[in-house]
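The block underneath contains the structure these notes are about, expressed in structure tokens.
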Amino acid sequence: MIEINITATNLEESVKQIQVALGGVIKERWGEHTLTINNEKAFGTIRYIEFDRGVSMFEIDMLFNEEVLLQRDTSLYNPIRFSYCLEGFYEHHFHNTSVRKKIDQFQSVIISGRDGGYTYSYLPKGVKLRTNEIQVLRNKFMGRALTPMDTLNDQLHEVFLDADHESKFSYFGAHNLKLADYINFLS
């Protein structure tokens with residue numbers, strides 16, 4: 001297993017830490033950054049785009065030749081992650097439990113870690129994985145949001161208000177084929 005300990009304070013540095021562990025080349029074009037890997041560890045791309053108001057898009061389109069563990073330190077960089085698995089699957093758990101929850105193809109999940117903790121994502125060996133993730137930095141987003149936050153589901157509203165990252169949150173949604181069409185359109 002390849003373990004990647006992500007201690008970065010932003011998405012750009014997170015991808016650079018992945019690059020150090022897996023290799024590859026990062027190229028930027030029109031604000032879209034792409035890490036391309038083609039070696040004995042993995043084949044494919046990781047893309048990200050950072051938008052205004054603390055919102056970014058992070059996408060994995062990869063085949064790993066070994067299982068990969070992304071261990072994210074949520075102390076300094078802890079976005080709310082709205083993730084959707086387009087192809088394959090991956091697993092997740094928080095730092096205080098070892099029980100992995102599987103995110104299947106066409107399943108959406110919302111994850112937010114807690115300050116001082118870790119989140120763990122297990123990316124499988126030998127399985128084509130395509131995920132799309134919207135990351136929201138709540139402090140930046142809340143200060144500039146155009147939509148009233150009280151229109152959100154009560155639990156999700158509480159996650160956005162948790163600016164000090166005192167609570168962890170996860171929501172594992174049902175399978176949604178229509179969402180795949182929208183994400184494929186954006187890709």
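Labels used: A, B, ... for chains in the order of the structure tokens, numbers from 1 for residues in each chain, and numbers from 1 for ligands as shown.
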*Find the residues around Ile134 of chain A up to 6 Å (only C-alpha atoms counted), leave out those fewer than 6 positions away in its own chain, and share them as a PyMOL selection string.*
chain A and resi 56-57+81-82
Go ahead and save the picked residues with all heavy atoms, as a PDB file, in the first residue's frame.
ATOM      1  N   SER A  56     -13.664  24.751  -4.906  1.00  0.00           N
ATOM      2  CA  SER A  56     -12.753  24.154  -5.875  1.00  0.00           C
ATOM      3  C   SER A  56     -13.301  22.806  -6.341  1.00  0.00           C
ATOM      4  O   SER A  56     -14.164  22.214  -5.694  1.00  0.00           O
ATOM      5  CB  SER A  56     -11.353  23.996  -5.288  1.00  0.00           C
ATOM      6  OG  SER A  56     -11.396  23.203  -4.121  1.00  0.00           O
ATOM      7  N   MET A  57     -12.792  22.362  -7.481  1.00  0.00           N
ATOM      8  CA  MET A  57     -13.167  21.076  -8.045  1.00  0.00           C
ATOM      9  C   MET A  57     -11.913  20.210  -8.070  1.00  0.00           C
ATOM     10  O   MET A  57     -10.841  20.658  -8.479  1.00  0.00           O
ATOM     11  CB  MET A  57     -13.719  21.257  -9.466  1.00  0.00           C
ATOM     12  CG  MET A  57     -14.328  20.008 -10.086  1.00  0.00           C
ATOM     13  SD  MET A  57     -13.196  18.918 -10.985  1.00  0.00           S
ATOM     14  CE  MET A  57     -12.417  19.970 -12.151  1.00  0.00           C
ATOM     15  N   ARG A  81     -16.402  18.288   1.655  1.00  0.00           N
ATOM     16  CA  ARG A  81     -16.168  17.617   0.375  1.00  0.00           C
ATOM     17  C   ARG A  81     -17.453  16.948  -0.102  1.00  0.00           C
ATOM     18  O   ARG A  81     -17.948  16.035   0.530  1.00  0.00           O
ATOM     19  CB  ARG A  81     -15.031  16.607   0.532  1.00  0.00           C
ATOM     20  CG  ARG A  81     -13.742  17.304   0.889  1.00  0.00           C
ATOM     21  CD  ARG A  81     -12.518  16.431   1.085  1.00  0.00           C
ATOM     22  NE  ARG A  81     -12.641  15.032   0.869  1.00  0.00           N
ATOM     23  CZ  ARG A  81     -12.332  14.108   1.774  1.00  0.00           C
ATOM     24  NH1 ARG A  81     -11.902  14.455   2.967  1.00  0.00           N
ATOM     25  NH2 ARG A  81     -12.450  12.828   1.499  1.00  0.00           N
ATOM     26  N   PHE A  82     -17.957  17.432  -1.242  1.00  0.00           N
ATOM     27  CA  PHE A  82     -19.121  16.839  -1.895  1.00  0.00           C
ATOM     28  C   PHE A  82     -18.556  15.954  -3.002  1.00  0.00           C
ATOM     29  O   PHE A  82     -18.099  16.459  -4.027  1.00  0.00           O
ATOM     30  CB  PHE A  82     -20.022  17.924  -2.491  1.00  0.00           C
ATOM     31  CG  PHE A  82     -20.606  18.855  -1.469  1.00  0.00           C
ATOM     32  CD1 PHE A  82     -19.887  19.957  -1.001  1.00  0.00           C
ATOM     33  CD2 PHE A  82     -21.883  18.636  -0.975  1.00  0.00           C
ATOM     34  CE1 PHE A  82     -20.429  20.810  -0.060  1.00  0.00           C
ATOM     35  CE2 PHE A  82     -22.442  19.496  -0.043  1.00  0.00           C
ATOM     36  CZ  PHE A  82     -21.708  20.579   0.424  1.00  0.00           C
TER      37      PHE A  82
END
*Shell around segment 122-131 of chain A at 6 Å using only C-alpha atoms, local window under 6 positions removed, as a ChimeraX atom specification*: /A:59-69,84-88,90-91
Can you write just those residues out, C-alpha atoms, as a PDB file, in the first residue's frame?
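Saved the output as selection11.pdb:
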ATOM      1  CA  GLU A  59     -11.160  15.075  -9.916  1.00  0.00           C
ATOM      2  CA  ILE A  60      -9.399  11.699  -9.990  1.00  0.00           C
ATOM      3  CA  ASP A  61      -9.354   9.604 -13.182  1.00  0.00           C
ATOM      4  CA  MET A  62      -6.825   6.921 -12.365  1.00  0.00           C
ATOM      5  CA  LEU A  63      -5.888   3.249 -12.323  1.00  0.00           C
ATOM      6  CA  PHE A  64      -3.629   2.422  -9.371  1.00  0.00           C
ATOM      7  CA  ASN A  65      -1.241  -0.549  -9.428  1.00  0.00           C
ATOM      8  CA  GLU A  66      -1.168  -0.621  -5.616  1.00  0.00           C
ATOM      9  CA  GLU A  67      -3.807   0.358  -3.079  1.00  0.00           C
ATOM     10  CA  VAL A  68      -3.355   4.028  -2.151  1.00  0.00           C
ATOM     11  CA  LEU A  69      -4.219   5.559   1.207  1.00  0.00           C
ATOM     12  CA  TYR A  84     -19.368  11.639  -6.473  1.00  0.00           C
ATOM     13  CA  CYS A  85     -17.958   8.338  -7.745  1.00  0.00           C
ATOM     14  CA  LEU A  86     -18.397   8.062 -11.518  1.00  0.00           C
ATOM     15  CA  GLU A  87     -16.544   4.774 -11.975  1.00  0.00           C
ATOM     16  CA  GLY A  88     -15.123   2.135  -9.653  1.00  0.00           C
ATOM     17  CA  TYR A  90     -13.261   3.796  -2.933  1.00  0.00           C
ATOM     18  CA  GLU A  91     -13.514   3.583   0.857  1.00  0.00           C
TER      19      GLU A  91
END
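Residue nearest Thr7 of chain A, chosen from A:Leu35, A:Ile111, A:Leu70, A:Ala42 and counting only C-alpha atoms: A:Leu70.
The two atoms in question, atom CA of Ala8 of chain A and atom CA of Tyr120 of chain A, are spaced 14.7 Å apart.
Closest approach to Ile26 of chain A from the set A:Ile46, A:Met1, A:Leu137, A:Val99 is made by A:Ile46, with distances taken over only C-alpha atoms.
Look at segment 93-95 of chain A: the protein and nucleic acid residues within 9 Å of it, using only C-alpha atoms and passing over chain neighbours fewer than 3 places away, are Ser98, Val99, Arg100, Lys101, Gly113, Arg114, Gly117, Tyr118, Thr119, Tyr120, Ser121, Tyr122 and Lys168 of chain A.
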Go ahead and write the selection's residues with all heavy atoms as a short mmCIF file (atom, residue, chain, number, x, y, z; two decimals), in the first residue's frame.
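File out-v4.cif, as written:
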data_model
loop_
_atom_site.label_atom_id
_atom_site.label_comp_id
_atom_site.auth_asym_id
_atom_site.auth_seq_id
_atom_site.Cartn_x
_atom_site.Cartn_y
_atom_site.Cartn_z
N SER A 98 -11.93 2.43 12.60
CA SER A 98 -11.24 1.74 11.52
C SER A 98 -12.22 1.10 10.54
O SER A 98 -11.82 0.44 9.59
CB SER A 98 -10.31 0.66 12.11
OG SER A 98 -11.08 -0.26 12.85
N VAL A 99 -13.51 1.32 10.77
CA VAL A 99 -14.53 0.75 9.90
C VAL A 99 -14.61 1.59 8.62
O VAL A 99 -14.94 2.77 8.66
CB VAL A 99 -15.91 0.72 10.60
CG1 VAL A 99 -16.97 0.18 9.65
CG2 VAL A 99 -15.84 -0.12 11.86
N ARG A 100 -14.27 0.96 7.51
CA ARG A 100 -14.31 1.65 6.22
C ARG A 100 -15.73 1.62 5.65
O ARG A 100 -16.41 0.61 5.71
CB ARG A 100 -13.40 0.96 5.21
CG ARG A 100 -11.94 0.98 5.55
CD ARG A 100 -11.17 0.33 4.42
NE ARG A 100 -9.78 0.09 4.74
CZ ARG A 100 -8.91 -0.41 3.88
NH1 ARG A 100 -9.29 -0.73 2.64
NH2 ARG A 100 -7.67 -0.60 4.24
N LYS A 101 -16.14 2.77 5.10
CA LYS A 101 -17.42 2.84 4.39
C LYS A 101 -17.11 2.93 2.91
O LYS A 101 -16.30 3.74 2.48
CB LYS A 101 -18.23 4.05 4.84
CG LYS A 101 -18.75 3.92 6.25
CD LYS A 101 -19.80 4.97 6.51
CE LYS A 101 -20.43 4.71 7.86
NZ LYS A 101 -21.57 5.59 8.09
N GLY A 113 -14.24 16.56 7.95
CA GLY A 113 -13.52 16.09 9.13
C GLY A 113 -13.59 17.09 10.26
O GLY A 113 -14.20 18.15 10.15
N ARG A 114 -12.94 16.75 11.33
CA ARG A 114 -12.93 17.61 12.50
C ARG A 114 -11.52 18.11 12.74
O ARG A 114 -10.56 17.41 12.44
CB ARG A 114 -13.52 16.78 13.62
CG ARG A 114 -13.04 16.94 14.94
CD ARG A 114 -13.83 15.97 15.79
NE ARG A 114 -13.26 15.97 17.10
CZ ARG A 114 -13.57 15.14 18.03
NH1 ARG A 114 -14.46 14.23 17.80
NH2 ARG A 114 -13.02 15.22 19.19
N GLY A 117 -8.11 16.15 13.54
CA GLY A 117 -8.31 14.76 13.17
C GLY A 117 -7.77 14.46 11.79
O GLY A 117 -7.05 15.24 11.19
N TYR A 118 -8.12 13.30 11.33
CA TYR A 118 -7.72 12.84 10.00
C TYR A 118 -8.91 12.21 9.31
O TYR A 118 -9.80 11.67 9.96
CB TYR A 118 -6.60 11.79 10.09
CG TYR A 118 -5.27 12.35 10.49
CD1 TYR A 118 -4.94 12.51 11.84
CD2 TYR A 118 -4.34 12.72 9.53
CE1 TYR A 118 -3.71 13.03 12.21
CE2 TYR A 118 -3.11 13.25 9.90
CZ TYR A 118 -2.80 13.39 11.24
OH TYR A 118 -1.59 13.92 11.60
N THR A 119 -8.91 12.28 7.98
CA THR A 119 -9.83 11.48 7.18
C THR A 119 -8.97 10.58 6.31
O THR A 119 -7.85 10.95 5.91
CB THR A 119 -10.75 12.34 6.29
OG1 THR A 119 -9.97 13.08 5.37
CG2 THR A 119 -11.61 13.28 7.13
N TYR A 120 -9.46 9.39 6.05
CA TYR A 120 -8.71 8.39 5.31
C TYR A 120 -9.53 7.93 4.10
O TYR A 120 -10.69 7.54 4.25
CB TYR A 120 -8.43 7.17 6.19
CG TYR A 120 -7.65 7.50 7.44
CD1 TYR A 120 -8.29 7.92 8.60
CD2 TYR A 120 -6.26 7.39 7.46
CE1 TYR A 120 -7.57 8.22 9.76
CE2 TYR A 120 -5.54 7.69 8.60
CZ TYR A 120 -6.20 8.10 9.75
OH TYR A 120 -5.49 8.41 10.88
N SER A 121 -8.92 8.01 2.92
CA SER A 121 -9.55 7.51 1.70
C SER A 121 -8.68 6.41 1.14
O SER A 121 -7.47 6.60 0.95
CB SER A 121 -9.69 8.62 0.67
OG SER A 121 -10.55 9.63 1.14
N TYR A 122 -9.28 5.26 0.89
CA TYR A 122 -8.58 4.10 0.34
C TYR A 122 -8.97 3.96 -1.13
O TYR A 122 -10.14 3.74 -1.45
CB TYR A 122 -8.95 2.83 1.10
CG TYR A 122 -8.49 2.86 2.53
CD1 TYR A 122 -9.25 3.46 3.52
CD2 TYR A 122 -7.27 2.30 2.90
CE1 TYR A 122 -8.83 3.51 4.84
CE2 TYR A 122 -6.84 2.34 4.22
CZ TYR A 122 -7.62 2.94 5.18
OH TYR A 122 -7.20 2.99 6.49
N LYS A 168 -17.34 16.32 13.12
CA LYS A 168 -17.16 15.64 11.84
C LYS A 168 -18.55 15.33 11.30
O LYS A 168 -19.53 15.28 12.05
CB LYS A 168 -16.33 14.37 11.99
CG LYS A 168 -16.95 13.33 12.88
CD LYS A 168 -16.06 12.13 13.04
CE LYS A 168 -16.78 11.12 13.92
NZ LYS A 168 -16.04 9.96 14.17
#
